[in-house]
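Below is one structure; the comments refer to it alone.
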Amino acid sequence: MLKEKIRQLANSIQEEAVANRRYLHAHPELSYKEINTAAFIAGKLKELNIPFEPMANTGLVALLSGNKPGDGKVIALRADIDALPIRELNDVPYKSMHDGVMHACGHDVHTSSLLATANILSKMKDDFSGTVKFIFQPAEELIPGGASMMIKEGVLENPRPQNILGQHTMPELPVGKVGFRGGRYMASNDEIFITVKGKGGHGAMPHLGIDPVVIACHIVIGLQQIVSRRANVMLPSVLSFGKMIANGATNVIPDEVRLEGTFRSLDETWRREAHEKIRKMAISIAEGMEGHCHIEIHQGYPVLVNNEKLTDITRAHAAAYLGADNVVDLDIWMAAEDFAYYTHAADACFYRLGVRNESRGIISGLHTATFDADEHALETGSGLMAYLALKTLGN
């Protein structure tokens with residue numbers, strides 16, 4: 001059986017998959033700087049005799065075709081390869097060797113898992129028809145995102161895949177399990193930068209100036225009405241400010257205050273409307289308090305929308321491979337992912353891979369200094385993705 005053969009192959013290469021993951025984890029590289037990571041991936045693809053070409057500077061795309069006759073279907077599988085500017089606090093043999101840089105989002109798992117999937121499928125060329133396109137994508141963690149760059153450079157062309165699949169670690173989900181959600185799944189992500197200008201002066205004589213600190217505080221509070229009173233209650237939105245710089249002193253009112261935040265939505269039309277409302281309200285609040293306001297909104301990743309039909313089919317295949325008890329339904333997630341660009345360009349499914357193991361203390365969340373993954377997830381992830389690819393191709 002196809003399923004059993006893939007399981008056996010995934011198990012047989014698990015040790016190599018773990019070694020690859022540990023190397024990548026120990027040698028993380030930031031977005032757009034994944035030079036050694038790309039070289040490592042290229043070396044592994046050469047060992048497997050899978051042809052590839054560079055793309056988007058530090059990305060790679062590889063093609064593997066089966067030997068059985070078929071209708072020429074193509075499926076793409078994607079892994080992101082960049083790390084985060086976080087100093088790792090884990091005490092493990094494979095701890096990051098690059099101080100201040102860490103694979104805190106599981107991209108080392110994604111990359112090593114996809115390499116293992118390529119390994120499995122390279123040993124099964126006589127068992128399937130169609131073509132698998134492996135996308136090793138840089139810069140998921142930094143706007144504008146490597147996905148947009150790869151799409152612009154033609155990663156979804158020559159040949160064009162009918163479907164694209166991606167997986168992402170989920171520390172809330174036990175190892176061995178995966179999760180799916182069709183339709184809207186992850187939010188858009190926009191960065192907001194506001195400069196509030198007033199007239200600084202002595203803290204003991206505020207009546208002689210125009211206090212930008214007070215104006216900025218009113219703007220932060222006022223803008224919350226965009227979410228609480230203007231957004232459709234059936235479509236979640238998030239507006240959060242995580243940075244306020246008022247470079248004065250205990251007795252010095254500064255001339256200006258800098259605000260930085262994020263706006264997230266699950267609807268592209270409302271997203272555009274909200275941008276305009278944010279601008280108008282911030283400016284009007286500042287002017288109403290005799291100050292001035294300059295606002296910039298940097299548009300990030302779009303809403304991630306999983307194709308409903310493909311997700312239903314993929315979920316059923318996952319249940320067949322892992323067992324129905326190991327496949328769960330997911331809630332919406334207001335984090336953002338540049339895989340969203342692929343979902344607007346092709347029928348796509350982005351699902352979650354469990355990496356949690358409470359008995360071993362592997363419980364930390366994504367983007368934390370103690371994030372880690374139970375490496376049995378590599379066997380689950382690589383085998384499942386190989387099975388999903390072949391079943392989606394019609395084998």
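In the structure tokens, each chain is lettered A, B, ... as it comes, each chain's residues begin at 1, and ligands are numbered from 1 in order of appearance.
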
Next on the checklist: Would you pick out the contacts of segment 311-327 of chain A at 6 Å or less, using only C-alpha atoms, so that residues sharing its chain but fewer than 6 positions from it are not included, and give the list as a list in words?
Outcome noted: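 The neighbour list is Lys177, Val178, Gly179, Gly182 and Cys349 of chain A.
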
Checklist entry - Got a sec to tell me which of segment 229-369 of chain A DSSP assigns to alpha helix (DSSP H), as JSON, numbers by chain? => result {"A": [268, 269, 270, 271, 272, 273, 274, 275, 276, 277, 278, 279, 280, 281, 282, 283, 284, 285, 286, 287, 288, 308, 309, 310, 311, 312, 313, 314, 315, 316, 317, 318, 319, 320, 321, 322, 340, 341, 342, 343]}

Item to check | Atom pair atom CA of Leu353 of chain A / atom CA of His103 of chain A: separation (Å) | outcome: 15.9 Å

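Of the residues in segment 9-88 of chain A, those that DSSP places in strand (DSSP E) on the basis of the backbone are A:Phe52, A:Glu53, A:Pro54, A:Met55, A:Gly59, A:Leu60, A:Val61, A:Ala62, A:Leu63, A:Leu64, A:Ser65, A:Val74, A:Ile75, A:Ala76, A:Leu77, A:Arg78, A:Ala79, A:Asp80.
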
Checklist entry - With only C-alpha atoms as the atoms that count, which of A:Leu114, A:Met289, A:Leu366, A:Met1 lies nearest to Lys133 of chain A? => result A:Leu114
